[in-house]
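Undergrad: Dropping in start.json, which is JSON, C-alpha atoms:
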[["chain", "number", "residue", "atom", "x", "y", "z"],
["T", 1, "MET", "CA", 0.00, 0.00, 0.00],
["T", 2, "SER", "CA", 1.31, 3.46, -0.87],
["T", 3, "PHE", "CA", 0.11, 6.81, 0.44],
["T", 4, "PRO", "CA", -0.74, 9.77, -1.82],
["T", 5, "LEU", "CA", 1.54, 12.02, 0.23],
["T", 6, "GLU", "CA", 4.34, 14.27, -0.93],
["T", 7, "HIS", "CA", 5.77, 14.16, 2.60],
["T", 8, "ALA", "CA", 5.27, 11.96, 5.63],
["T", 9, "GLU", "CA", 2.20, 12.81, 7.70],
["T", 10, "PHE", "CA", 2.24, 12.83, 11.52],
["T", 11, "GLN", "CA", -0.53, 13.10, 14.07],
["T", 12, "MET", "CA", -1.05, 12.43, 17.76],
["T", 13, "VAL", "CA", -3.85, 9.92, 18.41],
["T", 14, "ARG", "CA", -5.23, 9.06, 21.84],
["T", 15, "VAL", "CA", -6.02, 5.36, 21.84],
["T", 16, "PHE", "CA", -8.54, 3.65, 24.16],
["T", 17, "PRO", "CA", -9.78, 6.89, 25.82],
["T", 18, "ASP", "CA", -12.50, 6.61, 28.47],
["T", 19, "GLY", "CA", -12.93, 10.19, 29.63],
["T", 20, "PRO", "CA", -11.22, 13.60, 29.58],
["T", 21, "ASN", "CA", -7.46, 13.32, 29.02],
["T", 22, "GLY", "CA", -7.97, 9.57, 28.62],
["T", 23, "GLY", "CA", -6.23, 7.05, 26.42],
["T", 24, "ASN", "CA", -2.61, 6.44, 25.55],
["T", 25, "PRO", "CA", -1.16, 9.23, 23.35],
["T", 26, "ALA", "CA", 0.45, 7.65, 20.30],
["T", 27, "PRO", "CA", 2.39, 9.69, 17.74],
["T", 28, "ILE", "CA", 1.51, 8.10, 14.39],
["T", 29, "GLY", "CA", 3.50, 8.56, 11.19],
["T", 30, "LEU", "CA", 2.13, 7.67, 7.74],
["T", 31, "GLY", "CA", 4.26, 7.23, 4.63],
["T", 32, "VAL", "CA", 7.60, 7.31, 6.45],
["T", 33, "ASP", "CA", 9.51, 5.05, 4.05],
["T", 34, "GLY", "CA", 12.24, 7.67, 3.62],
["T", 35, "MET", "CA", 13.02, 7.85, 7.35],
["T", 36, "SER", "CA", 15.71, 5.72, 9.02],
["T", 37, "GLY", "CA", 15.26, 3.77, 12.23],
["T", 38, "GLU", "CA", 17.13, 6.46, 14.15],
["T", 39, "ASP", "CA", 14.87, 9.11, 12.61],
["T", 40, "LEU", "CA", 11.84, 7.19, 13.84],
["T", 41, "ARG", "CA", 13.27, 6.67, 17.31],
["T", 42, "ALA", "CA", 14.01, 10.39, 17.50],
["T", 43, "VAL", "CA", 10.26, 11.06, 17.19],
["T", 44, "ALA", "CA", 9.66, 8.78, 20.19],
["T", 45, "VAL", "CA", 12.43, 10.54, 22.13],
["T", 46, "LYS", "CA", 10.98, 13.96, 21.35],
["T", 47, "TYR", "CA", 7.45, 13.11, 22.49],
["T", 48, "GLY", "CA", 8.17, 10.52, 25.18],
["T", 49, "HIS", "CA", 5.56, 8.04, 23.93],
["T", 50, "GLU", "CA", 5.46, 4.77, 22.05],
["T", 51, "CYS", "CA", 5.06, 5.60, 18.37],
["T", 52, "GLY", "CA", 3.69, 3.72, 15.37],
["T", 53, "PHE", "CA", 4.91, 4.23, 11.80],
["T", 54, "VAL", "CA", 3.24, 2.94, 8.64],
["T", 55, "MET", "CA", 5.18, 2.18, 5.46],
["T", 56, "ALA", "CA", 5.07, 0.01, 2.37],
["T", 57, "THR", "CA", 5.70, -3.73, 2.60],
["T", 58, "THR", "CA", 7.52, -6.00, 0.18],
["T", 59, "ARG", "CA", 5.60, -9.09, 1.34],
["T", 60, "GLN", "CA", 2.90, -10.57, -0.85],
["T", 61, "ASP", "CA", 0.82, -11.60, 2.19],
["T", 62, "ALA", "CA", 0.69, -8.15, 3.84],
["T", 63, "ASP", "CA", -0.99, -4.86, 2.89],
["T", 64, "PHE", "CA", 1.51, -2.61, 4.65],
["T", 65, "ARG", "CA", 4.25, -2.64, 7.28],
["T", 66, "MET", "CA", 4.43, -1.06, 10.73],
["T", 67, "ARG", "CA", 7.38, -0.24, 12.96],
["T", 68, "TYR", "CA", 7.16, 0.80, 16.61],
["T", 69, "PHE", "CA", 9.56, 2.81, 18.74],
["T", 70, "VAL", "CA", 9.75, 3.88, 22.36],
["T", 71, "PRO", "CA", 12.35, 6.47, 23.40],
["T", 72, "ASN", "CA", 14.93, 3.81, 24.21],
["T", 73, "HIS", "CA", 14.56, 1.28, 21.37],
["T", 74, "GLU", "CA", 12.44, -0.34, 18.67],
["T", 75, "MET", "CA", 9.54, -2.62, 19.71],
["T", 76, "GLU", "CA", 8.34, -5.74, 17.91],
["T", 77, "MET", "CA", 4.66, -4.92, 18.32],
["T", 78, "CYS", "CA", 2.43, -2.28, 19.92],
["T", 79, "GLY", "CA", -1.31, -2.84, 20.18],
["T", 80, "HIS", "CA", -2.47, 0.72, 20.87],
["T", 81, "ALA", "CA", -0.27, 2.25, 18.17],
["T", 82, "THR", "CA", -1.57, -0.28, 15.63],
["T", 83, "VAL", "CA", -5.18, 0.52, 16.46],
["T", 84, "GLY", "CA", -4.37, 4.24, 16.38],
["T", 85, "ALA", "CA", -2.65, 4.02, 12.99],
["T", 86, "LEU", "CA", -5.53, 2.10, 11.42],
["T", 87, "TRP", "CA", -8.01, 4.58, 12.87],
["T", 88, "LEU", "CA", -6.02, 7.53, 11.52],
["T", 89, "MET", "CA", -5.76, 5.94, 8.06],
["T", 90, "ARG", "CA", -9.52, 5.37, 8.01],
["T", 91, "LEU", "CA", -10.10, 8.97, 9.14],
["T", 92, "ARG", "CA", -7.85, 10.30, 6.37],
["T", 93, "GLY", "CA", -9.56, 8.15, 3.74],
["T", 94, "TYR", "CA", -6.56, 5.87, 3.10],
["T", 95, "LEU", "CA", -8.38, 2.72, 4.26],
["T", 96, "ALA", "CA", -11.77, 1.53, 3.08],
["T", 97, "PRO", "CA", -13.79, -0.75, 5.38],
["T", 98, "GLY", "CA", -12.48, -4.30, 5.18],
["T", 99, "SER", "CA", -9.84, -6.76, 6.36],
["T", 100, "TYR", "CA", -6.13, -5.97, 6.30],
["T", 101, "THR", "CA", -2.88, -7.77, 7.08],
["T", 102, "ILE", "CA", -0.02, -5.86, 8.71],
["T", 103, "GLU", "CA", 3.65, -6.86, 8.67],
["T", 104, "THR", "CA", 5.33, -6.37, 12.07],
["T", 105, "LEU", "CA", 8.54, -7.64, 13.67],
["T", 106, "SER", "CA", 6.43, -9.97, 15.82],
["T", 107, "GLY", "CA", 4.66, -11.48, 12.78],
["T", 108, "LEU", "CA", 1.55, -10.80, 10.75],
["T", 109, "VAL", "CA", -1.35, -9.00, 12.45],
["T", 110, "GLU", "CA", -4.88, -9.25, 11.08],
["T", 111, "ALA", "CA", -7.12, -6.18, 11.32],
["T", 112, "GLU", "CA", -10.82, -5.58, 10.82],
["T", 113, "VAL", "CA", -11.71, -2.01, 9.86],
["T", 114, "PRO", "CA", -15.47, -1.37, 9.95],
["T", 115, "GLU", "CA", -17.04, 1.72, 8.43],
["T", 116, "ALA", "CA", -17.41, 3.55, 11.74],
["T", 117, "LYS", "CA", -17.18, 1.25, 14.78],
["T", 118, "ASP", "CA", -14.10, 0.25, 16.79],
["T", 119, "ILE", "CA", -11.22, -1.31, 14.86],
["T", 120, "THR", "CA", -9.99, -4.73, 16.00],
["T", 121, "ILE", "CA", -6.59, -6.37, 15.64],
["T", 122, "SER", "CA", -5.50, -9.95, 16.22],
["T", 123, "GLN", "CA", -3.16, -11.34, 18.83],
["T", 124, "PRO", "CA", -1.81, -14.92, 18.88],
["T", 125, "GLN", "CA", -2.74, -17.60, 21.37],
["T", 126, "GLY", "CA", -1.52, -16.61, 24.81],
["T", 127, "SER", "CA", 0.63, -18.54, 27.27],
["T", 128, "THR", "CA", 1.21, -18.32, 31.02],
["T", 129, "ALA", "CA", 3.89, -19.46, 33.46],
["T", 130, "VAL", "CA", 3.88, -19.25, 37.27],
["T", 131, "LEU", "CA", 6.82, -17.42, 38.85],
["T", 132, "THR", "CA", 8.83, -19.10, 41.60],
["T", 133, "ARG", "CA", 8.39, -17.92, 45.17],
["T", 134, "GLU", "CA", 11.76, -16.17, 45.00],
["T", 135, "GLN", "CA", 10.87, -14.38, 41.76],
["T", 136, "SER", "CA", 7.49, -13.35, 43.14],
["T", 137, "ALA", "CA", 9.15, -11.89, 46.23],
["T", 138, "GLU", "CA", 11.34, -9.66, 44.05],
["T", 139, "VAL", "CA", 8.33, -8.48, 42.05],
["T", 140, "LEU", "CA", 6.42, -7.62, 45.22],
["T", 141, "LYS", "CA", 9.43, -5.78, 46.61],
["T", 142, "VAL", "CA", 9.82, -3.55, 43.53],
["T", 143, "LEU", "CA", 6.08, -2.75, 43.63],
["T", 144, "GLY", "CA", 6.12, -2.07, 47.37],
["T", 145, "LEU", "CA", 3.55, -4.80, 48.01],
["T", 146, "GLU", "CA", 3.21, -7.52, 50.65],
["T", 147, "GLU", "CA", 1.79, -11.01, 50.18],
["T", 148, "THR", "CA", -1.29, -9.83, 52.09],
["T", 149, "ASP", "CA", -1.93, -7.35, 49.26],
["T", 150, "LEU", "CA", -2.46, -10.18, 46.79],
["T", 151, "ALA", "CA", -5.82, -11.57, 45.70],
["T", 152, "ALA", "CA", -4.23, -14.89, 44.64],
["T", 153, "ALA", "CA", -1.04, -16.63, 45.63],
["T", 154, "GLU", "CA", 0.45, -16.98, 42.14],
["T", 155, "ILE", "CA", 2.15, -14.25, 40.12],
["T", 156, "LEU", "CA", 2.28, -15.08, 36.41],
["T", 157, "ASN", "CA", 4.27, -14.28, 33.33],
["T", 158, "ALA", "CA", 1.74, -14.12, 30.49],
["T", 159, "SER", "CA", 2.27, -13.40, 26.82],
["T", 160, "THR", "CA", 0.69, -12.91, 23.44],
["T", 161, "SER", "CA", 3.23, -10.71, 21.58],
["T", 162, "ARG", "CA", 5.38, -9.83, 24.63],
["T", 163, "VAL", "CA", 5.74, -11.19, 28.16],
["T", 164, "LYS", "CA", 4.02, -9.20, 30.91],
["T", 165, "THR", "CA", 4.06, -10.08, 34.61],
["T", 166, "LEU", "CA", 0.57, -10.26, 36.12],
["T", 167, "VAL", "CA", 0.21, -9.40, 39.80],
["T", 168, "PRO", "CA", -3.31, -9.98, 41.24],
["T", 169, "VAL", "CA", -3.96, -7.19, 43.78],
["T", 170, "ARG", "CA", -6.71, -7.49, 46.40],
["T", 171, "SER", "CA", -8.53, -4.24, 45.57],
["T", 172, "VAL", "CA", -8.67, -1.41, 43.05],
["T", 173, "ALA", "CA", -7.85, 1.04, 45.82],
["T", 174, "ARG", "CA", -4.66, -0.83, 46.73],
["T", 175, "LEU", "CA", -3.75, -1.08, 43.05],
["T", 176, "HIS", "CA", -3.89, 2.71, 42.70],
["T", 177, "GLU", "CA", -1.73, 3.18, 45.80],
["T", 178, "ILE", "CA", 1.27, 1.37, 44.27],
["T", 179, "HIS", "CA", 4.46, 3.43, 44.08],
["T", 180, "PRO", "CA", 7.14, 1.24, 42.47],
["T", 181, "ASP", "CA", 10.87, 1.40, 42.97],
["T", 182, "PHE", "CA", 11.63, 2.46, 39.39],
["T", 183, "ASP", "CA", 15.38, 2.27, 39.95],
["T", 184, "ARG", "CA", 15.04, -1.53, 40.27],
["T", 185, "MET", "CA", 12.30, -2.07, 37.67],
["T", 186, "ALA", "CA", 14.52, -2.94, 34.71],
["T", 187, "ALA", "CA", 16.71, -5.37, 36.67],
["T", 188, "VAL", "CA", 13.77, -7.26, 38.17],
["T", 189, "CYS", "CA", 11.94, -7.50, 34.84],
["T", 190, "SER", "CA", 15.08, -8.69, 33.07],
["T", 191, "ALA", "CA", 15.67, -11.37, 35.72],
["T", 192, "ILE", "CA", 12.22, -12.86, 35.10],
["T", 193, "ASP", "CA", 12.29, -12.36, 31.29],
["T", 194, "SER", "CA", 9.43, -9.87, 31.37],
["T", 195, "THR", "CA", 8.92, -6.62, 29.47],
["T", 196, "GLY", "CA", 6.84, -5.03, 32.23],
["T", 197, "LEU", "CA", 4.88, -5.49, 35.44],
["T", 198, "TYR", "CA", 1.09, -5.46, 35.11],
["T", 199, "PRO", "CA", -0.63, -5.46, 38.52],
["T", 200, "PHE", "CA", -4.42, -5.75, 38.27],
["T", 201, "ALA", "CA", -7.54, -5.94, 40.43],
["T", 202, "VAL", "CA", -11.13, -7.06, 39.93],
["T", 203, "GLY", "CA", -13.58, -4.15, 39.63],
["T", 204, "ASN", "CA", -17.33, -3.88, 39.40],
["T", 205, "ALA", "CA", -19.52, -5.57, 36.78],
["T", 206, "GLY", "CA", -16.83, -8.08, 35.86],
["T", 207, "GLU", "CA", -14.36, -5.43, 34.69],
["T", 208, "PHE", "CA", -10.65, -5.38, 35.53],
["T", 209, "HIS", "CA", -8.38, -2.49, 36.45],
["T", 210, "ALA", "CA", -4.66, -2.56, 35.72],
["T", 211, "ARG", "CA", -1.46, -0.54, 35.65],
["T", 212, "GLN", "CA", 1.53, -1.06, 33.36],
["T", 213, "PHE", "CA", 5.12, -0.40, 34.45],
["T", 214, "PRO", "CA", 7.42, -1.14, 31.49],
["T", 215, "ARG", "CA", 10.89, -2.58, 31.88],
["T", 216, "GLY", "CA", 12.87, 0.05, 30.00],
["T", 217, "SER", "CA", 10.83, 2.05, 27.52],
["T", 218, "GLY", "CA", 11.96, 5.49, 28.63],
["T", 219, "TYR", "CA", 8.84, 6.36, 30.66],
["T", 220, "ALA", "CA", 7.52, 5.09, 34.00],
["T", 221, "GLU", "CA", 3.91, 4.06, 33.30],
["T", 222, "ASP", "CA", 1.54, 3.43, 30.40],
["T", 223, "ALA", "CA", -2.01, 4.80, 30.27],
["T", 224, "ALA", "CA", -3.30, 1.95, 28.08],
["T", 225, "THR", "CA", -1.42, -1.14, 26.92],
["T", 226, "GLY", "CA", -3.18, -3.40, 24.44],
["T", 227, "ILE", "CA", -0.53, -6.13, 24.45],
["T", 228, "ALA", "CA", -0.60, -6.28, 28.26],
["T", 229, "ALA", "CA", -4.40, -6.38, 28.31],
["T", 230, "SER", "CA", -4.30, -9.29, 25.86],
["T", 231, "ALA", "CA", -1.79, -11.11, 28.09],
["T", 232, "LEU", "CA", -3.98, -10.37, 31.12],
["T", 233, "SER", "CA", -6.95, -12.03, 29.42],
["T", 234, "TYR", "CA", -5.05, -15.32, 29.28],
["T", 235, "GLY", "CA", -3.95, -14.85, 32.87],
["T", 236, "LEU", "CA", -7.59, -14.42, 33.85],
["T", 237, "LEU", "CA", -8.29, -17.86, 32.38],
["T", 238, "HIS", "CA", -5.58, -19.24, 34.66],
["T", 239, "TYR", "CA", -7.11, -17.49, 37.70],
["T", 240, "ASN", "CA", -10.63, -18.66, 36.70],
["T", 241, "LEU", "CA", -11.70, -15.03, 36.42],
["T", 242, "ALA", "CA", -12.67, -15.28, 32.74],
["T", 243, "ARG", "CA", -14.09, -17.95, 30.46],
["T", 244, "PRO", "CA", -12.93, -19.10, 27.01],
["T", 245, "ARG", "CA", -14.57, -17.23, 24.12],
["T", 246, "SER", "CA", -15.62, -14.35, 26.33],
["T", 247, "GLU", "CA", -14.96, -10.60, 26.25],
["T", 248, "VAL", "CA", -12.76, -8.90, 28.85],
["T", 249, "THR", "CA", -12.87, -5.19, 29.70],
["T", 250, "VAL", "CA", -9.66, -3.69, 31.10],
["T", 251, "ARG", "CA", -9.54, -0.20, 32.58],
["T", 252, "GLN", "CA", -6.11, 1.38, 32.80],
["T", 253, "GLY", "CA", -4.55, 4.81, 33.28],
["T", 254, "GLU", "CA", -6.86, 5.85, 36.13],
["T", 255, "ALA", "CA", -4.00, 6.37, 38.58],
["T", 256, "MET", "CA", -2.36, 8.68, 36.01],
["T", 257, "GLY", "CA", -5.49, 10.75, 35.40],
["T", 258, "CYS", "CA", -5.73, 9.23, 31.89],
["T", 259, "PRO", "CA", -8.72, 6.84, 32.08],
["T", 260, "SER", "CA", -8.65, 4.19, 29.38],
["T", 261, "ARG", "CA", -10.82, 1.25, 28.34],
["T", 262, "ILE", "CA", -9.55, -1.75, 26.37],
["T", 263, "GLN", "CA", -11.66, -4.62, 25.04],
["T", 264, "VAL", "CA", -10.24, -8.11, 24.47],
["T", 265, "ARG", "CA", -12.30, -10.87, 22.91],
["T", 266, "LEU", "CA", -10.96, -14.36, 23.59],
["T", 267, "GLU", "CA", -11.39, -16.68, 20.62],
["T", 268, "GLU", "CA", -10.64, -20.32, 19.85],
["T", 269, "LYS", "CA", -7.21, -19.43, 18.48],
["T", 270, "GLY", "CA", -5.86, -16.17, 19.81],
["T", 271, "CYS", "CA", -7.77, -13.05, 20.73],
["T", 272, "ARG", "CA", -8.99, -9.74, 19.31],
["T", 273, "LEU", "CA", -8.07, -6.36, 20.73],
["T", 274, "SER", "CA", -10.21, -3.26, 20.21],
["T", 275, "GLY", "CA", -11.08, 0.21, 21.49],
["T", 276, "SER", "CA", -11.91, 3.75, 20.49],
["T", 277, "CYS", "CA", -9.61, 6.60, 19.36],
["T", 278, "ILE", "CA", -9.64, 10.39, 19.19],
["T", 279, "LEU", "CA", -7.32, 12.99, 17.71],
["T", 280, "ASP", "CA", -5.28, 14.96, 20.21],
["T", 281, "HIS", "CA", -5.53, 18.49, 18.82],
["T", 282, "SER", "CA", -3.44, 19.90, 21.66],
["T", 283, "LEU", "CA", -0.24, 18.61, 20.10],
["T", 284, "THR", "CA", 0.72, 18.24, 16.46],
["T", 285, "VAL", "CA", 3.52, 15.77, 15.88],
["T", 286, "VAL", "CA", 6.33, 16.70, 13.51],
["T", 287, "PRO", "CA", 9.57, 14.78, 12.89],
["T", 288, "ALA", "CA", 12.38, 15.52, 15.32]]
Now that the file is in, can you turn its structure into structure tokens?

TA:
Amino acid sequence: MSFPLEHAEFQMVRVFPDGPNGGNPAPIGLGVDGMSGEDLRAVAVKYGHECGFVMATTRQDADFRMRYFVPNHEMEMCGHATVGALWLMRLRGYLAPGSYTIETLSGLVEAEVPEAKDITISQPQGSTAVLTREQSAEVLKVLGLEETDLAAAEILNASTSRVKTLVPVRSVARLHEIHPDFDRMAAVCSAIDSTGLYPFAVGNAGEFHARQFPRGSGYAEDAATGIAASALSYGLLHYNLARPRSEVTVRQGEAMGCPSRIQVRLEEKGCRLSGSCILDHSLTVVPA
């Protein structure tokens, strides 16, 4: 797919918003084929957010390619930036309603773009693994939690596209009180082969609340993390808090004042991630 653009186009999109100032701000770049990896990372450095960039693909089985950068490095996959990019392309008239295949470093991602409703993207079948008691103790220490703060004894590593560490917290109030030791975050996550800690709690009406503390992205907390919400959905199966082929609602960003809402639909093979988007007119993104 090519874009009818003389120059690359950039825009800030808030993905998964659920109220004023909600959602995860994602700088999106369209038609950036002429920019190098360092050019793309410089955009992430400038704005301090995970960015998504759309370009042409050389694969016969994909419609276009996406690359993702946080301030510190390139990412294999980013759920919210993918949804935001598809939404922006639909808004600009570059995508007609239909099904699309996206090339990413983590593999092919399938997308459904309806005429007006929320866009959905695919994630592969998830997996989970229980941490050892010693590993769990280190995770609790970096989060400033005690075993009595947990709603279940087991802390899990769960993954669809990336490994996230799920920490079941006894209440939403306690979840929002967490003040991690960020100086030790990267070392603890690396020791357990995780890309971030994702403590969560059960809310009302079967919804779940979560916070995402990434291992080393260049910022302390995420307002909405689609890949982590997808991993959480498979963790909920392990904890018997969700059923196969059901839909999970994850609320994130509340502790940051950026309320977000992410939907994950568990399917027979893999899951589907979806949510709303809005343009952030307060900030226009331009290349660094």

Undergrad: Within 12 Å of Gly270 in chain T, counting only C-alpha atoms, which residues show up once you throw out same-chain ones fewer than 3 positions away? Write them as a VMD selection string, please.

TA: chain T and resid 109 to 110 121 to 127 159 to 161 230 to 231 233 to 234 244 to 246 264 to 267 273

Undergrad: Need the shell around range 62-65 of chain T: protein/DNA/RNA residues with any atom at most 7 Å away, counting all atoms listed in the file. Skip same-chain ones fewer than 2 positions apart. Format as a PyMOL selection string?

TA: chain T and resi 1+54-57+59-60+67+100-104

Undergrad: Quick one: residues within 7 Å of Gly52 in chain T, only C-alpha atoms, excluding same-chain residues fewer than 3 positions away - as a list in words?

TA: Pro27, Ile28, Gly29, Met66, Arg67, Tyr68, Phe69, Ala81, Thr82 and Ala85 of chain T

Undergrad: Within 12 Å of Val43 in chain T, counting all atoms listed in the file, which residues show up once you throw out same-chain ones fewer than 2 positions away? Write them as a PyMOL selection string, please.

TA: chain T and resi 10-12+26-29+32+35-41+45-53+68-74+284-288

Undergrad: For the selection you just gave me, I'd like the residues written to a file as a tab-separated table (two decimals), in the coordinates of the input, keeping C-alpha atoms.

TA:
chain	number	residue	atom	x	y	z
T	10	PHE	CA	2.24	12.83	11.52
T	11	GLN	CA	-0.53	13.10	14.07
T	12	MET	CA	-1.05	12.43	17.76
T	26	ALA	CA	0.45	7.65	20.30
T	27	PRO	CA	2.39	9.69	17.74
T	28	ILE	CA	1.51	8.10	14.39
T	29	GLY	CA	3.50	8.56	11.19
T	32	VAL	CA	7.60	7.31	6.45
T	35	MET	CA	13.02	7.85	7.35
T	36	SER	CA	15.71	5.72	9.02
T	37	GLY	CA	15.26	3.77	12.23
T	38	GLU	CA	17.13	6.46	14.15
T	39	ASP	CA	14.87	9.11	12.61
T	40	LEU	CA	11.84	7.19	13.84
T	41	ARG	CA	13.27	6.67	17.31
T	45	VAL	CA	12.43	10.54	22.13
T	46	LYS	CA	10.98	13.96	21.35
T	47	TYR	CA	7.45	13.11	22.49
T	48	GLY	CA	8.17	10.52	25.18
T	49	HIS	CA	5.56	8.04	23.93
T	50	GLU	CA	5.46	4.77	22.05
T	51	CYS	CA	5.06	5.60	18.37
T	52	GLY	CA	3.69	3.72	15.37
T	53	PHE	CA	4.91	4.23	11.80
T	68	TYR	CA	7.16	0.80	16.61
T	69	PHE	CA	9.56	2.81	18.74
T	70	VAL	CA	9.75	3.88	22.36
T	71	PRO	CA	12.35	6.47	23.40
T	72	ASN	CA	14.93	3.81	24.21
T	73	HIS	CA	14.56	1.28	21.37
T	74	GLU	CA	12.44	-0.34	18.67
T	284	THR	CA	0.72	18.24	16.46
T	285	VAL	CA	3.52	15.77	15.88
T	286	VAL	CA	6.33	16.70	13.51
T	287	PRO	CA	9.57	14.78	12.89
T	288	ALA	CA	12.38	15.52	15.32

Undergrad: Would you work out the distance separating CA of His281 in chain T from CA of Asp33 in chain T, expressed in Å to one decimal?

TA: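 Interatomic distance here is 25.0 Å.
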
Undergrad: Tell me, as a PyMOL selection string, which residues lie within 7 Å of Ser194 in chain T, counting all atoms listed in the file; anything in the same chain fewer than 4 positions away does not count.

TA: chain T and resi 163-165+189-190

Undergrad: Grab the CA of Pro17 in chain T to CA of Ser276 in chain T distance for me, in Å with one decimal place.

TA: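 Those two atoms sit 6.5 Å apart.
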
Undergrad: With only C-alpha atoms as the basis for distance, which of T:His80, T:Gly107, T:Leu91, T:Asn157 is at the shortest distance from Asp61 in chain T?

TA: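 The closest residue to Asp61 in chain T is T:Gly107.
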
Undergrad: What does the distance from CA of Ile192 in chain T to CA of Gly23 in chain T come to in Å, to one decimal?

TA: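 Between these atoms lies a distance of 28.5 Å.
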
Undergrad: Looking at T:Gly31, T:Gly216, T:Pro259, T:Gly206, which one is nearest to Glu247 in chain T, with distances taken over all atoms listed in the file?

TA: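 Looking only at the distances to Glu247 in chain T, the closest residue turns out to be T:Gly206.
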
Undergrad: Using only C-alpha atoms, can you tell me which of T:Gly257, T:Lys269, T:Ile262, T:Ala228 comes closest to Gly19 in chain T?

TA: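 Counting only C-alpha atoms, the residue closest to Gly19 in chain T is T:Gly257.
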